[in-house]
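Note: the block below is target15.cif and it holds mmCIF, N, CA and C atoms.
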data_run
loop_
_atom_site.group_PDB
_atom_site.id
_atom_site.type_symbol
_atom_site.label_atom_id
_atom_site.label_comp_id
_atom_site.auth_asym_id
_atom_site.auth_seq_id
_atom_site.Cartn_x
_atom_site.Cartn_y
_atom_site.Cartn_z
ATOM 1 N N MET A 223 89.897 115.164 126.726
ATOM 2 C CA MET A 223 90.334 114.439 125.548
ATOM 3 C C MET A 223 90.241 112.941 125.823
ATOM 4 N N LYS A 224 89.655 112.220 124.916
ATOM 5 C CA LYS A 224 89.451 110.798 125.069
ATOM 6 C C LYS A 224 90.633 110.033 124.469
ATOM 7 N N PHE A 225 91.198 109.091 125.247
ATOM 8 C CA PHE A 225 92.325 108.295 124.797
ATOM 9 C C PHE A 225 91.851 106.904 124.414
ATOM 10 N N SER A 226 92.335 106.427 123.282
ATOM 11 C CA SER A 226 92.045 105.057 122.875
ATOM 12 C C SER A 226 93.218 104.526 122.063
ATOM 13 N N ILE A 227 93.299 103.237 121.960
ATOM 14 C CA ILE A 227 94.347 102.607 121.163
ATOM 15 C C ILE A 227 94.184 103.006 119.703
ATOM 16 N N GLN A 228 92.938 103.117 119.235
ATOM 17 C CA GLN A 228 92.681 103.506 117.845
ATOM 18 C C GLN A 228 93.205 104.913 117.565
ATOM 19 N N SER A 229 93.010 105.841 118.506
ATOM 20 C CA SER A 229 93.512 107.202 118.286
ATOM 21 C C SER A 229 95.039 107.226 118.287
ATOM 22 N N LEU A 230 95.675 106.417 119.127
ATOM 23 C CA LEU A 230 97.133 106.321 119.139
ATOM 24 C C LEU A 230 97.644 105.735 117.827
ATOM 25 N N TYR A 231 96.976 104.694 117.341
ATOM 26 C CA TYR A 231 97.345 104.085 116.067
ATOM 27 C C TYR A 231 97.184 105.080 114.919
ATOM 28 N N THR A 232 96.086 105.799 114.899
ATOM 29 C CA THR A 232 95.829 106.775 113.838
ATOM 30 C C THR A 232 96.882 107.880 113.856
ATOM 31 N N TRP A 233 97.227 108.371 115.041
ATOM 32 C CA TRP A 233 98.249 109.405 115.143
ATOM 33 C C TRP A 233 99.594 108.890 114.632
ATOM 34 N N TYR A 234 99.990 107.692 115.065
ATOM 35 C CA TYR A 234 101.269 107.114 114.658
ATOM 36 C C TYR A 234 101.315 106.917 113.148
ATOM 37 N N ARG A 235 100.230 106.380 112.576
ATOM 38 C CA ARG A 235 100.169 106.149 111.135
ATOM 39 C C ARG A 235 100.260 107.458 110.361
ATOM 40 N N ASP A 236 99.543 108.480 110.813
ATOM 41 C CA ASP A 236 99.558 109.762 110.117
ATOM 42 C C ASP A 236 100.934 110.424 110.177
ATOM 43 N N VAL A 237 101.594 110.359 111.323
ATOM 44 C CA VAL A 237 102.931 110.948 111.444
ATOM 45 C C VAL A 237 103.926 110.162 110.593
ATOM 46 N N LEU A 238 103.798 108.846 110.577
ATOM 47 C CA LEU A 238 104.698 108.015 109.786
ATOM 48 C C LEU A 238 104.505 108.237 108.294
ATOM 49 N N ARG A 239 103.305 108.547 107.861
ATOM 50 C CA ARG A 239 103.042 108.778 106.443
ATOM 51 C C ARG A 239 103.453 110.174 105.986
ATOM 52 N N ASN A 240 103.779 111.048 106.913
ATOM 53 C CA ASN A 240 104.262 112.377 106.569
ATOM 54 C C ASN A 240 105.745 112.268 106.217
ATOM 55 N N PRO A 241 106.128 112.530 104.964
ATOM 56 C CA PRO A 241 107.528 112.362 104.556
ATOM 57 C C PRO A 241 108.509 113.210 105.365
ATOM 58 N N LYS A 242 108.046 114.319 105.903
ATOM 59 C CA LYS A 242 108.911 115.201 106.675
ATOM 60 C C LYS A 242 109.381 114.541 107.975
ATOM 61 N N TYR A 243 108.532 113.709 108.586
ATOM 62 C CA TYR A 243 108.838 113.104 109.878
ATOM 63 C C TYR A 243 109.084 111.602 109.820
ATOM 64 N N ARG A 244 108.937 110.993 108.656
ATOM 65 C CA ARG A 244 108.985 109.523 108.534
ATOM 66 C C ARG A 244 110.238 108.915 109.148
ATOM 67 N N TRP A 245 111.415 109.381 108.754
ATOM 68 C CA TRP A 245 112.654 108.777 109.245
ATOM 69 C C TRP A 245 112.865 109.038 110.722
ATOM 70 N N TRP A 246 112.383 110.186 111.215
ATOM 71 C CA TRP A 246 112.491 110.449 112.643
ATOM 72 C C TRP A 246 111.628 109.484 113.444
ATOM 73 N N VAL A 247 110.442 109.182 112.950
ATOM 74 C CA VAL A 247 109.548 108.250 113.637
ATOM 75 C C VAL A 247 110.138 106.848 113.622
ATOM 76 N N ILE A 248 110.668 106.428 112.481
ATOM 77 C CA ILE A 248 111.272 105.096 112.387
ATOM 78 C C ILE A 248 112.471 105.003 113.331
ATOM 79 N N LEU A 249 113.328 106.011 113.324
ATOM 80 C CA LEU A 249 114.492 106.017 114.197
ATOM 81 C C LEU A 249 114.075 106.046 115.674
ATOM 82 N N GLY A 250 113.107 106.877 116.004
ATOM 83 C CA GLY A 250 112.617 106.960 117.387
ATOM 84 C C GLY A 250 112.013 105.649 117.863
ATOM 85 N N THR A 251 111.286 104.983 116.988
ATOM 86 C CA THR A 251 110.694 103.694 117.341
ATOM 87 C C THR A 251 111.783 102.660 117.599
ATOM 88 N N LEU A 252 112.779 102.608 116.748
ATOM 89 C CA LEU A 252 113.865 101.644 116.931
ATOM 90 C C LEU A 252 114.667 101.941 118.200
ATOM 91 N N VAL A 253 114.907 103.215 118.498
ATOM 92 C CA VAL A 253 115.613 103.583 119.730
ATOM 93 C C VAL A 253 114.787 103.168 120.945
ATOM 94 N N TYR A 254 113.482 103.388 120.892
ATOM 95 C CA TYR A 254 112.607 102.989 121.998
ATOM 96 C C TYR A 254 112.648 101.480 122.219
ATOM 97 N N LEU A 255 112.685 100.722 121.129
ATOM 98 C CA LEU A 255 112.678 99.263 121.251
ATOM 99 C C LEU A 255 113.949 98.729 121.917
ATOM 100 N N VAL A 256 115.095 99.363 121.694
ATOM 101 C CA VAL A 256 116.341 98.892 122.294
ATOM 102 C C VAL A 256 116.667 99.615 123.600
ATOM 103 N N SER A 257 115.925 100.650 123.919
ATOM 104 C CA SER A 257 116.165 101.428 125.125
ATOM 105 C C SER A 257 115.731 100.654 126.372
ATOM 106 N N PRO A 258 116.472 100.807 127.481
ATOM 107 C CA PRO A 258 116.059 100.147 128.721
ATOM 108 C C PRO A 258 114.888 100.872 129.401
ATOM 109 N N PHE A 259 114.557 102.077 128.942
ATOM 110 C CA PHE A 259 113.452 102.837 129.525
ATOM 111 C C PHE A 259 112.208 102.639 128.671
ATOM 112 N N ASP A 260 111.188 102.040 129.245
ATOM 113 C CA ASP A 260 109.939 101.748 128.535
ATOM 114 C C ASP A 260 108.753 102.202 129.363
ATOM 115 N N VAL A 261 107.607 102.272 128.709
ATOM 116 C CA VAL A 261 106.361 102.539 129.419
ATOM 117 C C VAL A 261 106.081 101.369 130.362
ATOM 118 N N LEU A 262 106.224 100.167 129.864
ATOM 119 C CA LEU A 262 106.110 98.955 130.671
ATOM 120 C C LEU A 262 107.499 98.323 130.732
ATOM 121 N N PRO A 263 108.168 98.351 131.885
ATOM 122 C CA PRO A 263 109.550 97.861 131.973
ATOM 123 C C PRO A 263 109.691 96.407 131.522
ATOM 124 N N ASP A 264 110.778 96.128 130.816
ATOM 125 C CA ASP A 264 110.987 94.807 130.232
ATOM 126 C C ASP A 264 111.312 93.729 131.251
ATOM 127 N N PHE A 265 111.726 94.103 132.463
ATOM 128 C CA PHE A 265 112.056 93.074 133.441
ATOM 129 C C PHE A 265 110.812 92.396 134.010
ATOM 130 N N ILE A 266 109.631 92.946 133.767
ATOM 131 C CA ILE A 266 108.377 92.296 134.172
ATOM 132 C C ILE A 266 108.027 91.277 133.089
ATOM 133 N N PRO A 267 107.971 89.986 133.436
ATOM 134 C CA PRO A 267 107.699 88.966 132.410
ATOM 135 C C PRO A 267 106.375 89.212 131.685
ATOM 136 N N VAL A 268 106.353 88.995 130.415
ATOM 137 C CA VAL A 268 105.221 89.111 129.491
ATOM 138 C C VAL A 268 104.707 90.538 129.394
ATOM 139 N N VAL A 269 104.318 91.136 130.497
ATOM 140 C CA VAL A 269 103.756 92.494 130.471
ATOM 141 C C VAL A 269 104.775 93.486 129.935
ATOM 142 N N GLY A 270 106.034 93.299 130.257
ATOM 143 C CA GLY A 270 107.077 94.213 129.816
ATOM 144 C C GLY A 270 107.316 94.201 128.321
ATOM 145 N N GLN A 271 106.968 93.105 127.674
ATOM 146 C CA GLN A 271 107.190 93.012 126.237
ATOM 147 C C GLN A 271 105.961 93.425 125.425
ATOM 148 N N ILE A 272 104.843 93.654 126.071
ATOM 149 C CA ILE A 272 103.608 93.993 125.337
ATOM 150 C C ILE A 272 103.779 95.285 124.546
ATOM 151 N N ASP A 273 104.298 96.348 125.167
ATOM 152 C CA ASP A 273 104.442 97.614 124.437
ATOM 153 C C ASP A 273 105.452 97.489 123.305
ATOM 154 N N ASP A 274 106.513 96.706 123.518
ATOM 155 C CA ASP A 274 107.509 96.516 122.456
ATOM 156 C C ASP A 274 106.924 95.751 121.268
ATOM 157 N N VAL A 275 106.183 94.692 121.545
ATOM 158 C CA VAL A 275 105.572 93.894 120.471
ATOM 159 C C VAL A 275 104.529 94.726 119.728
ATOM 160 N N PHE A 276 103.730 95.489 120.459
ATOM 161 C CA PHE A 276 102.717 96.331 119.832
ATOM 162 C C PHE A 276 103.373 97.357 118.906
ATOM 163 N N LEU A 277 104.416 98.023 119.402
ATOM 164 C CA LEU A 277 105.078 99.052 118.607
ATOM 165 C C LEU A 277 105.811 98.462 117.409
ATOM 166 N N LEU A 278 106.465 97.323 117.595
ATOM 167 C CA LEU A 278 107.156 96.678 116.490
ATOM 168 C C LEU A 278 106.174 96.214 115.417
ATOM 169 N N THR A 279 105.043 95.658 115.840
ATOM 170 C CA THR A 279 104.012 95.231 114.890
ATOM 171 C C THR A 279 103.468 96.418 114.111
ATOM 172 N N LEU A 280 103.209 97.500 114.808
ATOM 173 C CA LEU A 280 102.709 98.719 114.162
ATOM 174 C C LEU A 280 103.720 99.265 113.163
ATOM 175 N N LEU A 281 104.980 99.318 113.553
ATOM 176 C CA LEU A 281 106.029 99.827 112.662
ATOM 177 C C LEU A 281 106.158 98.962 111.418
ATOM 178 N N VAL A 282 106.230 97.653 111.589
ATOM 179 C CA VAL A 282 106.403 96.753 110.442
ATOM 180 C C VAL A 282 105.203 96.830 109.498
ATOM 181 N N SER A 283 103.995 96.849 110.050
ATOM 182 C CA SER A 283 102.813 96.882 109.176
ATOM 183 C C SER A 283 102.724 98.192 108.398
ATOM 184 N N GLU A 284 103.024 99.311 109.047
ATOM 185 C CA GLU A 284 102.931 100.599 108.356
ATOM 186 C C GLU A 284 104.051 100.795 107.344
ATOM 187 N N VAL A 285 105.269 100.413 107.695
ATOM 188 C CA VAL A 285 106.379 100.568 106.751
ATOM 189 C C VAL A 285 106.188 99.644 105.553
ATOM 190 N N SER A 286 105.702 98.422 105.788
ATOM 191 C CA SER A 286 105.449 97.524 104.656
ATOM 192 C C SER A 286 104.338 98.076 103.772
ATOM 193 N N GLY A 287 103.332 98.708 104.360
ATOM 194 C CA GLY A 287 102.285 99.345 103.564
ATOM 195 C C GLY A 287 102.829 100.483 102.718
ATOM 196 N N LEU A 288 103.737 101.278 103.297
ATOM 197 C CA LEU A 288 104.363 102.364 102.535
ATOM 198 C C LEU A 288 105.216 101.827 101.395
ATOM 199 N N VAL A 289 105.936 100.742 101.649
ATOM 200 C CA VAL A 289 106.766 100.137 100.600
ATOM 201 C C VAL A 289 105.894 99.613 99.471
ATOM 202 N N ILE A 290 104.795 98.958 99.800
ATOM 203 C CA ILE A 290 103.891 98.429 98.780
ATOM 204 C C ILE A 290 103.280 99.570 97.964
ATOM 205 N N GLU A 291 102.860 100.646 98.633
ATOM 206 C CA GLU A 291 102.306 101.794 97.905
ATOM 207 C C GLU A 291 103.351 102.416 96.985
ATOM 208 N N GLY A 292 104.588 102.533 97.454
ATOM 209 C CA GLY A 292 105.659 103.069 96.622
ATOM 210 C C GLY A 292 105.941 102.187 95.428
ATOM 211 N N TRP A 293 105.905 100.889 95.648
ATOM 212 C CA TRP A 293 106.129 99.933 94.561
ATOM 213 C C TRP A 293 105.015 100.043 93.519
ATOM 214 N N LYS A 294 103.774 100.166 93.969
ATOM 215 C CA LYS A 294 102.656 100.310 93.035
ATOM 216 C C LYS A 294 102.754 101.628 92.269
ATOM 217 N N ALA A 295 103.205 102.681 92.949
ATOM 218 C CA ALA A 295 103.338 103.980 92.280
ATOM 219 C C ALA A 295 104.409 103.919 91.195
ATOM 220 N N ARG A 296 105.473 103.200 91.443
ATOM 221 C CA ARG A 296 106.520 103.054 90.422
ATOM 222 C C ARG A 296 106.057 102.190 89.263
ATOM 223 N N LYS A 297 105.148 101.263 89.542
ATOM 224 C CA LYS A 297 104.603 100.409 88.489
ATOM 225 C C LYS A 297 103.610 101.157 87.616
ATOM 226 N N GLY A 298 103.090 102.266 88.087
ATOM 227 C CA GLY A 298 102.142 103.037 87.285
ATOM 228 C C GLY A 298 100.726 103.015 87.809
ATOM 229 N N GLU A 299 100.529 102.501 88.993
ATOM 230 C CA GLU A 299 99.198 102.504 89.589
ATOM 231 C C GLU A 299 99.137 103.622 90.611
ATOM 232 N N VAL A 300 97.972 104.251 90.721
ATOM 233 C CA VAL A 300 97.763 105.305 91.697
ATOM 234 C C VAL A 300 96.820 104.766 92.759
ATOM 235 N N VAL A 301 97.214 104.862 94.019
ATOM 236 C CA VAL A 301 96.370 104.399 95.118
ATOM 237 C C VAL A 301 95.508 105.562 95.550
ATOM 238 N N THR A 302 94.204 105.338 95.583
ATOM 239 C CA THR A 302 93.291 106.392 96.005
ATOM 240 C C THR A 302 92.832 106.115 97.427
ATOM 241 N N GLU A 303 92.660 107.183 98.200
ATOM 242 C CA GLU A 303 92.199 107.067 99.571
ATOM 243 C C GLU A 303 90.696 107.290 99.580
ATOM 244 N N VAL A 304 89.980 106.378 100.199
ATOM 245 C CA VAL A 304 88.539 106.531 100.345
ATOM 246 C C VAL A 304 88.213 106.524 101.822
ATOM 247 N N PRO A 305 87.266 107.385 102.251
ATOM 248 C CA PRO A 305 86.945 107.429 103.673
ATOM 249 C C PRO A 305 86.315 106.123 104.131
ATOM 250 N N ASN A 306 86.699 105.708 105.321
ATOM 251 C CA ASN A 306 86.142 104.526 105.951
ATOM 252 C C ASN A 306 85.082 104.999 106.944
ATOM 253 N N ASN A 307 84.135 104.188 107.275
ATOM 254 C CA ASN A 307 83.057 104.603 108.163
ATOM 255 C C ASN A 307 83.447 104.615 109.630
ATOM 256 N N THR A 308 84.654 104.199 109.999
ATOM 257 C CA THR A 308 85.045 104.156 111.400
ATOM 258 C C THR A 308 85.895 105.361 111.755
ATOM 259 N N GLU A 309 85.329 106.294 112.470
ATOM 260 C CA GLU A 309 86.002 107.442 113.052
ATOM 261 C C GLU A 309 86.805 108.268 112.055
ATOM 262 N N GLY A 310 86.364 108.373 110.806
ATOM 263 C CA GLY A 310 87.001 109.245 109.840
ATOM 264 C C GLY A 310 88.335 108.769 109.324
ATOM 265 N N SER A 311 88.717 107.537 109.607
ATOM 266 C CA SER A 311 90.000 107.063 109.092
ATOM 267 C C SER A 311 89.854 106.716 107.621
ATOM 268 N N THR A 312 90.980 106.650 106.941
ATOM 269 C CA THR A 312 90.967 106.315 105.525
ATOM 270 C C THR A 312 91.708 105.019 105.304
ATOM 271 N N SER A 313 91.367 104.376 104.239
ATOM 272 C CA SER A 313 92.094 103.170 103.863
ATOM 273 C C SER A 313 92.191 103.138 102.352
ATOM 274 N N SER A 314 93.255 102.538 101.864
ATOM 275 C CA SER A 314 93.401 102.450 100.421
ATOM 276 C C SER A 314 92.566 101.270 99.944
ATOM 277 N N ALA A 315 91.440 101.578 99.332
ATOM 278 C CA ALA A 315 90.496 100.534 98.977
ATOM 279 C C ALA A 315 90.534 100.200 97.497
ATOM 280 N N SER A 316 91.009 101.116 96.681
ATOM 281 C CA SER A 316 90.999 100.833 95.263
ATOM 282 C C SER A 316 92.235 101.428 94.606
ATOM 283 N N THR A 317 92.588 100.848 93.479
ATOM 284 C CA THR A 317 93.698 101.384 92.708
ATOM 285 C C THR A 317 93.195 101.719 91.319
ATOM 286 N N ILE A 318 93.831 102.700 90.710
ATOM 287 C CA ILE A 318 93.467 103.113 89.369
ATOM 288 C C ILE A 318 94.707 102.954 88.510
ATOM 289 N N ASP A 319 94.572 102.295 87.400
ATOM 290 C CA ASP A 319 95.690 102.133 86.471
ATOM 291 C C ASP A 319 95.844 103.439 85.701
ATOM 292 N N VAL A 320 96.979 104.083 85.827
ATOM 293 C CA VAL A 320 97.210 105.389 85.204
ATOM 294 C C VAL A 320 97.169 105.282 83.692
ATOM 295 N N ASP A 321 97.617 104.169 83.113
ATOM 296 C CA ASP A 321 97.609 104.010 81.662
ATOM 297 C C ASP A 321 96.198 103.967 81.098
ATOM 298 N N ALA A 322 95.225 103.537 81.908
ATOM 299 C CA ALA A 322 93.854 103.398 81.435
ATOM 300 C C ALA A 322 93.061 104.691 81.571
ATOM 301 N N VAL A 323 93.588 105.688 82.284
ATOM 302 C CA VAL A 323 92.876 106.918 82.534
ATOM 303 C C VAL A 323 93.463 108.016 81.653
ATOM 304 N N SER A 324 92.586 108.737 80.948
ATOM 305 C CA SER A 324 93.069 109.860 80.142
ATOM 306 C C SER A 324 92.581 111.145 80.775
ATOM 307 N N VAL A 325 93.438 112.132 80.825
ATOM 308 C CA VAL A 325 93.118 113.418 81.417
ATOM 309 C C VAL A 325 93.045 114.444 80.297
ATOM 310 N N LYS A 326 91.952 115.219 80.267
ATOM 311 C CA LYS A 326 91.774 116.242 79.243
ATOM 312 C C LYS A 326 91.983 117.605 79.799
#
Kindly transcribe the structure held in the file into structure tokens.
Amino acid sequence: MKFSIQSLYTWYRDVLRNPKYRWWVILGTLVYLVSPFDVLPDFIPVVGQIDDVFLLTLLVSEVSGLVIEGWKARKGEVVTEVPNNTEGSTSSASTIDVDAVSVK
């Protein structure tokens, strides 16, 4: 199995977007950030904070994306997922105004 930062990011994003596990992932991330046990110990200057900064950045960007999507859904816009050409990941590239679309 090949390990990469992109695969870790994709896994984290997919688990966070699953409503069944969302709050557990958020809680686990916050516990990890305040926990004295880290992959890279915090007492090592600079290097110790790299994993914390990476995880915090990932959490904030994904949760803010979920909030924005939820806000758009409440406004009446539907976010569609379109495949991206990089390793099968998806990104929300376009929105469709629900009021402008008629379903027969």
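Computed from the coordinates, the CA of Lys297 in chain A to CA of Arg239 in chain A distance equals 19.9 Å.
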Padding 5 Å on every side, please: axis-aligned box over the listed atoms of range 271-279 of chain A, centre and edge lengths to one decimal in Å, as lines of an AutoDock Vina configuration file.
center_x = 105.1
center_y = 96.0
center_z = 120.9
size_x = 14.8
size_y = 16.0
size_z = 23.6
On this structure, the PyMOL selection byres (((chain A and resi 272-277 and name CA) around 12) and name CA) would catch which residues? List them as a PyMOL selection string, sorted by chain and number. chain A and resi 227+230-231+234-235+247-248+250-271+278-284
Selection above as a file: N, CA and C atoms, as a short mmCIF file (atom, residue, chain, number, x, y, z; two decimals), keeping the file's coordinate frame:
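Final file, again-v7.cif:
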data_model
loop_
_atom_site.label_atom_id
_atom_site.label_comp_id
_atom_site.auth_asym_id
_atom_site.auth_seq_id
_atom_site.Cartn_x
_atom_site.Cartn_y
_atom_site.Cartn_z
N ILE A 227 93.30 103.24 121.96
CA ILE A 227 94.35 102.61 121.16
C ILE A 227 94.18 103.01 119.70
N LEU A 230 95.68 106.42 119.13
CA LEU A 230 97.13 106.32 119.14
C LEU A 230 97.64 105.74 117.83
N TYR A 231 96.98 104.69 117.34
CA TYR A 231 97.34 104.08 116.07
C TYR A 231 97.18 105.08 114.92
N TYR A 234 99.99 107.69 115.06
CA TYR A 234 101.27 107.11 114.66
C TYR A 234 101.32 106.92 113.15
N ARG A 235 100.23 106.38 112.58
CA ARG A 235 100.17 106.15 111.14
C ARG A 235 100.26 107.46 110.36
N VAL A 247 110.44 109.18 112.95
CA VAL A 247 109.55 108.25 113.64
C VAL A 247 110.14 106.85 113.62
N ILE A 248 110.67 106.43 112.48
CA ILE A 248 111.27 105.10 112.39
C ILE A 248 112.47 105.00 113.33
N GLY A 250 113.11 106.88 116.00
CA GLY A 250 112.62 106.96 117.39
C GLY A 250 112.01 105.65 117.86
N THR A 251 111.29 104.98 116.99
CA THR A 251 110.69 103.69 117.34
C THR A 251 111.78 102.66 117.60
N LEU A 252 112.78 102.61 116.75
CA LEU A 252 113.86 101.64 116.93
C LEU A 252 114.67 101.94 118.20
N VAL A 253 114.91 103.22 118.50
CA VAL A 253 115.61 103.58 119.73
C VAL A 253 114.79 103.17 120.94
N TYR A 254 113.48 103.39 120.89
CA TYR A 254 112.61 102.99 122.00
C TYR A 254 112.65 101.48 122.22
N LEU A 255 112.68 100.72 121.13
CA LEU A 255 112.68 99.26 121.25
C LEU A 255 113.95 98.73 121.92
N VAL A 256 115.10 99.36 121.69
CA VAL A 256 116.34 98.89 122.29
C VAL A 256 116.67 99.62 123.60
N SER A 257 115.92 100.65 123.92
CA SER A 257 116.16 101.43 125.12
C SER A 257 115.73 100.65 126.37
N PRO A 258 116.47 100.81 127.48
CA PRO A 258 116.06 100.15 128.72
C PRO A 258 114.89 100.87 129.40
N PHE A 259 114.56 102.08 128.94
CA PHE A 259 113.45 102.84 129.52
C PHE A 259 112.21 102.64 128.67
N ASP A 260 111.19 102.04 129.24
CA ASP A 260 109.94 101.75 128.54
C ASP A 260 108.75 102.20 129.36
N VAL A 261 107.61 102.27 128.71
CA VAL A 261 106.36 102.54 129.42
C VAL A 261 106.08 101.37 130.36
N LEU A 262 106.22 100.17 129.86
CA LEU A 262 106.11 98.96 130.67
C LEU A 262 107.50 98.32 130.73
N PRO A 263 108.17 98.35 131.88
CA PRO A 263 109.55 97.86 131.97
C PRO A 263 109.69 96.41 131.52
N ASP A 264 110.78 96.13 130.82
CA ASP A 264 110.99 94.81 130.23
C ASP A 264 111.31 93.73 131.25
N PHE A 265 111.73 94.10 132.46
CA PHE A 265 112.06 93.07 133.44
C PHE A 265 110.81 92.40 134.01
N ILE A 266 109.63 92.95 133.77
CA ILE A 266 108.38 92.30 134.17
C ILE A 266 108.03 91.28 133.09
N PRO A 267 107.97 89.99 133.44
CA PRO A 267 107.70 88.97 132.41
C PRO A 267 106.38 89.21 131.68
N VAL A 268 106.35 89.00 130.42
CA VAL A 268 105.22 89.11 129.49
C VAL A 268 104.71 90.54 129.39
N VAL A 269 104.32 91.14 130.50
CA VAL A 269 103.76 92.49 130.47
C VAL A 269 104.78 93.49 129.94
N GLY A 270 106.03 93.30 130.26
CA GLY A 270 107.08 94.21 129.82
C GLY A 270 107.32 94.20 128.32
N GLN A 271 106.97 93.10 127.67
CA GLN A 271 107.19 93.01 126.24
C GLN A 271 105.96 93.42 125.42
N LEU A 278 106.46 97.32 117.60
CA LEU A 278 107.16 96.68 116.49
C LEU A 278 106.17 96.21 115.42
N THR A 279 105.04 95.66 115.84
CA THR A 279 104.01 95.23 114.89
C THR A 279 103.47 96.42 114.11
N LEU A 280 103.21 97.50 114.81
CA LEU A 280 102.71 98.72 114.16
C LEU A 280 103.72 99.26 113.16
N LEU A 281 104.98 99.32 113.55
CA LEU A 281 106.03 99.83 112.66
C LEU A 281 106.16 98.96 111.42
N VAL A 282 106.23 97.65 111.59
CA VAL A 282 106.40 96.75 110.44
C VAL A 282 105.20 96.83 109.50
N SER A 283 104.00 96.85 110.05
CA SER A 283 102.81 96.88 109.18
C SER A 283 102.72 98.19 108.40
N GLU A 284 103.02 99.31 109.05
CA GLU A 284 102.93 100.60 108.36
C GLU A 284 104.05 100.80 107.34
#
Just list as number ranges by chain whatever in range 225-315 of chain A DSSP marks as helix (DSSP H, G or I). A: 227-239, 244-256, 269-297
Just how far from CA of Lys242 in chain A is CA of Gln228 in chain A, in Å to one decimal?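 For CA of Gln228 in chain A relative to CA of Lys242 in chain A, the distance reads 22.9 Å.
Take CA of Ser286 in chain A and CA of Lys224 in chain A: the distance between them is 29.1 Å.
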